[in-house]
Every structure is written in C-alpha cells, then in structure tokens.
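entry-v1.txt (compact mmCIF, C-alpha atoms) appears below.
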```txt
# COMPACT_ATOMS: atom_id res chain seq x y z
CA MET A 1 -27.35 -4.21 4.41
CA THR A 2 -27.40 -7.20 2.06
CA SER A 3 -25.18 -10.26 2.51
CA GLU A 4 -21.55 -9.79 1.57
CA LYS A 5 -20.84 -9.86 -2.14
CA THR A 6 -18.60 -12.36 -3.88
CA VAL A 7 -15.20 -11.14 -5.06
CA THR A 8 -16.42 -10.73 -8.65
CA GLU A 9 -19.58 -8.94 -7.52
CA ALA A 10 -17.57 -6.60 -5.31
CA ILE A 11 -15.13 -5.77 -8.12
CA GLN A 12 -18.00 -5.04 -10.51
CA TYR A 13 -19.84 -3.00 -7.86
CA ARG A 14 -16.83 -0.84 -7.00
CA ARG A 15 -16.76 2.53 -8.68
CA SER A 16 -14.97 5.76 -7.86
CA VAL A 17 -17.80 7.57 -6.12
CA ARG A 18 -17.44 11.35 -6.33
CA VAL A 19 -20.40 12.30 -4.14
CA PHE A 20 -21.46 10.42 -1.02
CA ASP A 21 -24.94 10.46 0.52
CA LYS A 22 -24.90 13.05 3.31
CA ASP A 23 -27.69 11.28 5.20
CA ILE A 24 -26.10 7.82 5.43
CA GLU A 25 -23.44 7.19 8.05
CA ILE A 26 -20.99 4.30 7.87
CA ASP A 27 -19.86 2.03 10.68
CA THR A 28 -16.30 2.82 11.81
CA GLU A 29 -15.69 -0.76 12.93
CA LYS A 30 -16.75 -2.14 9.55
CA VAL A 31 -14.33 0.22 7.82
CA LYS A 32 -11.61 -0.86 10.27
CA ASN A 33 -12.33 -4.51 9.43
CA CYS A 34 -11.88 -3.69 5.74
CA LEU A 35 -8.50 -2.20 6.62
CA LYS A 36 -7.63 -5.48 8.33
CA ASN A 37 -8.21 -7.07 4.92
CA ALA A 38 -5.96 -4.42 3.38
CA VAL A 39 -2.92 -5.60 5.33
CA LEU A 40 -3.39 -9.13 3.97
CA ALA A 41 -2.41 -7.87 0.51
CA PRO A 42 0.82 -9.15 -1.05
CA THR A 43 3.81 -6.97 -0.24
CA SER A 44 7.37 -6.97 -1.54
CA SER A 45 9.62 -9.13 0.68
CA ASN A 46 6.80 -9.08 3.24
CA LEU A 47 8.21 -5.78 4.51
CA GLN A 48 4.74 -4.20 4.76
CA LEU A 49 6.08 -0.69 4.20
CA TRP A 50 2.70 0.94 4.69
CA GLU A 51 0.51 2.73 7.22
CA PHE A 52 -3.21 3.51 7.11
CA TYR A 53 -4.67 6.58 8.78
CA HIS A 54 -8.39 6.06 9.36
CA VAL A 55 -9.81 9.54 9.80
CA THR A 56 -13.15 9.95 11.54
CA ASP A 57 -12.61 13.20 13.47
CA GLU A 58 -14.73 15.97 11.96
CA GLU A 59 -12.09 18.67 12.36
CA VAL A 60 -9.38 16.56 10.73
CA LEU A 61 -11.79 15.61 7.93
CA GLN A 62 -12.32 19.30 7.18
CA GLN A 63 -8.58 19.96 7.18
CA LEU A 64 -7.95 17.05 4.83
CA THR A 65 -10.77 18.17 2.55
CA LYS A 66 -8.90 21.43 2.06
CA ALA A 67 -5.67 19.47 1.44
CA CYS A 68 -7.58 17.40 -1.15
CA LEU A 69 -8.30 20.63 -3.04
CA ASP A 70 -11.97 20.59 -1.95
CA GLN A 71 -12.81 17.63 -4.17
CA ASN A 72 -16.38 16.43 -3.74
CA ALA A 73 -15.12 12.94 -2.93
CA ALA A 74 -13.38 14.39 0.12
CA LYS A 75 -15.93 17.08 0.93
CA THR A 76 -18.86 14.63 1.12
CA ALA A 77 -16.94 11.65 2.57
CA LYS A 78 -18.07 10.38 5.95
CA GLN A 79 -14.59 9.06 6.66
CA LEU A 80 -11.20 9.16 4.96
CA VAL A 81 -8.39 6.64 4.77
CA VAL A 82 -4.91 7.97 4.04
CA VAL A 83 -2.61 5.31 2.63
CA VAL A 84 1.02 6.07 3.43
CA ALA A 85 4.15 4.44 1.97
CA ARG A 86 6.87 4.03 4.61
CA LYS A 87 10.04 2.88 2.84
CA ASP A 88 11.95 4.37 5.77
CA LEU A 89 10.63 1.65 8.10
CA TRP A 90 12.49 -1.15 6.33
CA LYS A 91 14.79 -1.83 9.31
CA GLN A 92 11.90 -2.24 11.76
CA ARG A 93 9.94 -4.42 9.34
CA ALA A 94 12.98 -6.60 8.57
CA LYS A 95 13.60 -7.04 12.30
CA ALA A 96 9.95 -8.05 12.77
CA ASN A 97 10.31 -10.69 10.06
CA ILE A 98 13.47 -12.05 11.68
CA GLY A 99 11.68 -12.30 15.02
CA PHE A 100 8.76 -14.08 13.38
CA TYR A 101 10.97 -16.68 11.72
CA GLU A 102 13.13 -17.28 14.78
CA LYS A 103 9.99 -17.96 16.79
CA LEU A 104 8.59 -20.15 14.01
CA PHE A 105 11.77 -22.22 13.71
CA GLY A 106 11.90 -22.85 17.45
CA ASN A 107 14.50 -22.51 20.17
CA LYS A 108 17.60 -23.97 18.52
CA SER A 109 21.09 -22.93 17.57
CA LYS A 110 21.91 -21.46 14.16
CA GLU A 111 23.84 -24.62 13.32
CA GLU A 112 20.61 -26.59 13.60
CA TYR A 113 18.79 -24.47 11.04
CA SER A 114 17.92 -26.18 7.76
CA LYS A 115 19.15 -24.69 4.49
CA ARG A 116 15.72 -23.15 3.89
CA GLU A 117 15.57 -21.70 7.40
CA LYS A 118 19.03 -20.16 7.04
CA PHE A 119 17.98 -18.59 3.73
CA ALA A 120 14.89 -17.01 5.30
CA ILE A 121 16.87 -15.49 8.19
CA ASN A 122 19.77 -14.33 6.00
CA TYR A 123 17.31 -12.75 3.55
CA TYR A 124 16.38 -10.21 6.20
CA LYS A 125 19.74 -10.02 7.95
CA LYS A 126 21.92 -9.68 4.84
CA LEU A 127 20.04 -9.16 1.56
CA ILE A 128 17.53 -6.52 2.66
CA PRO A 129 20.23 -4.43 4.43
CA ALA A 130 22.29 -4.62 1.25
CA ILE A 131 19.47 -3.32 -0.95
CA TYR A 132 17.49 -0.77 1.06
CA PRO A 133 20.04 1.67 2.56
CA ASP A 134 20.89 4.73 0.52
CA PHE A 135 22.51 8.14 0.83
CA LEU A 136 21.22 10.89 -1.44
CA GLY A 137 20.71 8.27 -4.14
CA ILE A 138 24.47 7.78 -4.55
CA TYR A 139 24.65 4.31 -3.00
CA GLY A 140 21.67 3.30 -5.13
CA TRP A 141 23.48 4.15 -8.36
CA LEU A 142 26.56 2.23 -7.20
CA LYS A 143 24.37 -0.80 -6.47
CA TYR A 144 22.63 -0.33 -9.82
CA ALA A 145 25.96 -0.31 -11.68
CA PHE A 146 27.21 -3.39 -9.80
CA PHE A 147 24.01 -5.37 -10.33
CA ASN A 148 23.96 -4.52 -14.03
CA ILE A 149 27.54 -5.69 -14.46
CA VAL A 150 26.62 -8.97 -12.80
CA GLY A 151 23.54 -9.00 -15.04
CA LEU A 152 25.78 -9.28 -18.09
CA PHE A 153 26.49 -12.86 -17.03
CA ARG A 154 23.26 -14.04 -15.37
CA PRO A 155 19.73 -12.88 -14.54
CA ILE A 156 19.71 -10.62 -11.49
CA TYR A 157 17.43 -8.20 -9.67
CA ARG A 158 18.10 -4.66 -10.93
CA GLN A 159 15.59 -2.39 -9.16
CA VAL A 160 17.95 -1.16 -6.44
CA ARG A 161 18.05 2.62 -6.92
CA LEU A 162 16.32 4.96 -4.48
CA SER A 163 13.60 5.67 -7.05
CA ASP A 164 13.12 1.93 -7.69
CA LEU A 165 12.62 1.15 -4.01
CA ARG A 166 10.17 4.03 -3.63
CA ILE A 167 8.15 2.49 -6.46
CA VAL A 168 8.28 -0.90 -4.73
CA ALA A 169 6.87 0.59 -1.52
CA HIS A 170 4.11 2.43 -3.39
CA LYS A 171 3.17 -0.69 -5.38
CA SER A 172 2.69 -2.63 -2.16
CA ALA A 173 0.66 0.22 -0.66
CA GLY A 174 -1.49 0.33 -3.80
CA LEU A 175 -2.20 -3.40 -3.59
CA ALA A 176 -3.30 -2.97 0.02
CA ALA A 177 -5.51 -0.03 -0.94
CA GLN A 178 -7.23 -2.16 -3.59
CA ASN A 179 -7.85 -4.90 -1.01
CA PHE A 180 -9.49 -2.25 1.16
CA MET A 181 -11.70 -0.85 -1.58
CA ILE A 182 -12.88 -4.26 -2.73
CA SER A 183 -13.65 -5.19 0.88
CA MET A 184 -15.67 -2.00 1.23
CA ALA A 185 -17.56 -2.76 -1.99
CA ALA A 186 -18.37 -6.24 -0.68
CA ILE A 187 -20.45 -4.68 2.11
CA GLU A 188 -21.85 -1.97 -0.19
CA TYR A 189 -19.70 0.80 1.20
CA ASP A 190 -18.24 3.08 -1.45
CA THR A 191 -14.83 4.62 -1.94
CA CYS A 192 -12.96 7.06 -4.12
CA PRO A 193 -9.16 6.92 -4.35
CA MET A 194 -7.72 10.42 -4.74
CA GLU A 195 -4.24 11.35 -5.92
CA GLY A 196 -4.98 15.05 -6.22
CA SER A 197 -3.89 16.53 -2.92
CA ASP A 198 -1.33 18.81 -1.32
CA THR A 199 0.75 15.98 0.09
CA LEU A 200 2.94 18.27 2.21
CA LEU A 201 -0.18 19.69 3.85
CA VAL A 202 -1.57 16.19 4.40
CA LYS A 203 1.64 15.13 6.11
CA LYS A 204 1.53 18.24 8.28
CA ILE A 205 -2.08 17.57 9.32
CA LEU A 206 -1.32 13.96 10.22
CA LYS A 207 2.05 14.84 11.78
CA LEU A 208 3.89 12.41 9.52
CA PRO A 209 7.70 12.29 9.34
CA ARG A 210 9.49 13.72 6.35
CA ALA A 211 10.32 10.30 4.91
CA ALA A 212 6.67 9.20 4.83
CA GLU A 213 4.99 9.48 1.42
CA ILE A 214 1.29 9.81 0.67
CA ASN A 215 0.20 7.01 -1.64
CA MET A 216 -3.46 8.01 -1.93
CA ILE A 217 -6.38 9.33 0.08
CA ILE A 218 -9.60 7.32 -0.06
CA GLY A 219 -12.99 8.90 0.50
CA CYS A 220 -15.46 6.56 2.19
CA GLY A 221 -19.25 6.59 2.41
CA VAL A 222 -22.35 5.40 0.57
CA ARG A 223 -22.94 6.67 -2.96
CA SER A 224 -25.60 9.28 -3.57
CA GLU A 225 -27.90 9.05 -6.59
CA LYS A 226 -25.56 11.34 -8.50
CA GLY A 227 -22.38 10.01 -6.91
CA ILE A 228 -21.14 8.27 -10.05
CA TYR A 229 -20.56 10.73 -12.86
CA GLY A 230 -21.16 8.35 -15.77
CA PRO A 231 -20.95 4.80 -17.12
CA GLN A 232 -17.67 3.00 -16.64
CA PHE A 233 -15.23 3.20 -19.56
CA ARG A 234 -12.43 0.75 -20.23
CA VAL A 235 -10.46 0.33 -23.43
CA PRO A 236 -11.27 -2.97 -25.16
CA PHE A 237 -9.89 -5.94 -23.21
CA GLU A 238 -8.13 -7.22 -26.33
CA THR A 239 -5.95 -4.10 -26.46
CA THR A 240 -4.48 -4.84 -23.03
CA TYR A 241 -4.54 -8.65 -22.90
CA LYS A 242 -1.53 -10.39 -24.41
CA GLU A 243 -1.27 -14.18 -24.25
CA VAL A 244 2.30 -15.37 -24.67
```
Using structure tokens, write down the structure that the file contains.
Amino acid sequence: MTSEKTVTEAIQYRRSVRVFDKDIEIDTEKVKNCLKNAVLAPTSSNLQLWEFYHVTDEEVLQQLTKACLDQNAAKTAKQLVVVVARKDLWKQRAKANIGFYEKLFGNKSKEEYSKREKFAINYYKKLIPAIYPDFLGIYGWLKYAFFNIVGLFRPIYRQVRLSDLRIVAHKSAGLAAQNFMISMAAIEYDTCPMEGSDTLLVKKILKLPRAAEINMIIGCGVRSEKGIYGPQFRVPFETTYKEV
C-alpha cells in the first residue's frame, strides 16, 4: 500500500467501481477508520441523524447482494457499508448535544450562563423540539404556513415540513458517505455507492426500525482491471459554475 493520498489525489482517484478484485481482501479495521472519518462530516444542527452498518459477515453480504438486485458492485464487494438516515433519533441526538454543552460550560447555574451559552442550550431544548416533531405531516404543514407568514416580514427558515426534514437528514448522511469514500480512496480502497436496492428488504435484513431510511449502500474492495466501465464524464465545469 502506498502512502496516503492528498485530498485532491483521493478525490481524483475515487471512481464508482462496479467490479472488485476477487483475490484482494481489505482490512476491516482500515474500513472502520474510514467510517470514523465519515462521522466528522458536517451535519445539520450537529444532530448526526445517521447510522453506518459495516457488513463483513458472508451470509449477510449474500443477502444484501440480493437486496441490491444482484449488482456487480454488491456481488463482488468484499464488504458493504449501509448508510442509514435516522431522522427519528432527533430527541436522543438533541439530548446528547445538551449534555455536551452543559459539561463544556461547567458546573454552574443557568443564571450564570452567558448569552451565547444560553442560546446553545435553548437551541436544543426549544428550537429543535419546535421543528422536528410531526404527526402524519399535518404539524409540518402548520409550521410551514406559520413560518411563511412570518417570512413575509423578515427572512426565516422555511424547511420545516416532514419531507423537508427527511431531506435534511439524507443530506447529512450523504455528506458523511462522501467523507467515507474519499477516505477509502486515500488508502487506495475502492467504493461504489448504490441507490438501486430493495430498501424494505435491506431494512428487514439489518433489523432496522420502520422509521429508519436507507440512504445508500456502498460496495467496498479493490478495483479489478475491468472494474471501471469507462472514462469519467462530467458536463463542462462552466455549465455548472456560476460566480455571483
């Protein structure tokens, strides 16, 4: 294994590898360390509404291959990582943030908190509980209507519907997944993010609760000679870059 690549080198090295070399194993601990980098990704309100299932068991790998519609990237993978969005864990994550800040601020009464410290605590005690709860999407639409009325008079956050908050959780999970894949590329391990899967079957295999949502499944291994199907295509940079 060569020395670890720079960030730019890792980004340029990373490709979606469809076929992994069947004769090259990968180190479980190294993959786990890349997942430790994944959780350092930015995440909305630091709620970290994600979970990562690192699959190394051969039987479970076979079951997930079937759930991934027998894609080569799953069939030939030495390991799989299932990235799961857990919007339903917002209460536990908010409580963890409160505990972190209370410990950080020290053993003192609430009256002794600075304005900034009070804001941090109240963010998780008041604002997050006002935004995240929902009931069949109804509460979300009521919040959406209220926030948009307020928005007639001043700038305000508007993404408060159930669908909006699901997107928020998946965006954070996607950022973490990218951290993982770039970390893997840095040590010349390859990945392939897959969206094509029977997500209900995946949840059943992993015994996930109903509220959990599959963000993506990532095949892991070392690329075979024919593992990349062709040269990388991107639309011209100028068509997507807008300087304002």
Legend entry - Distance of atom CA of Lys126 of chain A from atom CA of Tyr113 of chain A, expressed in Å to one decimal place: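 Atom CA of Lys126 of chain A lies at a distance of 16.3 Å from atom CA of Tyr113 of chain A.
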Inset, instruction - Give me the residues within 8 Å of segment 88-92 of chain A as an NGL selection string, counting only C-alpha atoms and dropping any in the same chain fewer than 4 places off. - result: :A and (47 or 49 or 96 or 129 or 132 or 211-212)
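Candidate residues A:Phe147, A:Tyr123, A:Tyr189, A:Phe180 were compared for distance to Val82 of chain A, and the nearest is A:Phe180, using all atoms listed in the file.
Distances to Val202 of chain A were evaluated for A:Ala73, A:Arg18, A:Val55, A:Ala120 using only C-alpha atoms, and the minimum falls at A:Val55.
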Inset, instruction - Could you check how far atom CA of Leu127 of chain A sits from atom CA of Leu142 of chain A, in Å to one decimal? - result: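 The value is 15.8 Å.
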Inset, instruction - Could you tell me which of A:Arg86, A:Arg15, A:Asp190, A:Thr28 comes closest to Val168 of chain A if we count all atoms listed in the file? - result: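 The shortest atom-to-atom distance to Val168 of chain A comes from A:Arg86.
Coordinates place atom CA of Lys87 of chain A at a distance of 26.1 Å from atom CA of Ile149 of chain A.
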Inset, instruction - Determine the nearest neighbour of Asp27 of chain A from the options A:Thr65, A:Asn122, A:Ser197, A:Thr56, counting all atoms listed in the file. - result: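 Checking each of A:Thr65, A:Asn122, A:Ser197, A:Thr56 against Asp27 of chain A, counting all atoms listed in the file, the winner is A:Thr56.
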Legend entry - Among listed residues A:Ala169, A:Leu104, A:Ile11, A:Ala74, nearest Asn46 of chain A (using all atoms listed in the file):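 Closest to Asn46 of chain A, using all atoms listed in the file: A:Ala169.
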Inset, instruction - May I have the residues within 9 Å of Ser172 of chain A as a list of chain:residue names, using all atoms listed in the file and disregarding those fewer than 2 positions away in the same chain? - result: A:Ala41, A:Pro42, A:Thr43, A:Ser44, A:Gln48, A:Leu49, A:Trp50, A:Ala85, A:Ile167, A:Val168, A:Ala169, A:His170, A:Gly174, A:Leu175, A:Ala176, A:Ala177
Inset, instruction - Would you mind telling me which residue in A:Leu208, A:Ile182, A:Leu201, A:Cys220 lies nearest to Asn37 of chain A when using all atoms listed in the file? - result: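 Smallest separation from Asn37 of chain A among the options: A:Ile182.
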Legend entry - Residue contacts of Arg223 of chain A (10 Å, all atoms listed in the file) excluding same-chain residues fewer than 6 positions away, as JSON, numbers by chain: {"A": [15, 16, 17, 18, 19, 20, 21, 22, 24, 76, 77, 188, 189, 190, 191]}
Legend entry - Selection: 7 Å around Met216 of chain A, all atoms listed in the file, excl. self and same-chain fewer than 6 positions, as number ranges by chain: A: 82-83, 193-195
Draw an axis-aligned box tight on the listed atoms of segment 4-12 of chain A, then pad every side by 6 Å and write out centre and edge lengths in Å to one decimal as lines of an AutoDock Vina configuration file.
```
center_x = -18.3
center_y = -8.7
center_z = -4.5
size_x = 18.4
size_y = 19.3
size_z = 24.1
```
Inset, instruction - Excluding segment 115-117 of chain A and residues on its chain fewer than 5 positions from it, collect all residues at most 12 Å away from it, counting only C-alpha atoms, and give them as an NGL selection string. - result: :A and (98 or 100-106 or 108-110 or 122-124)
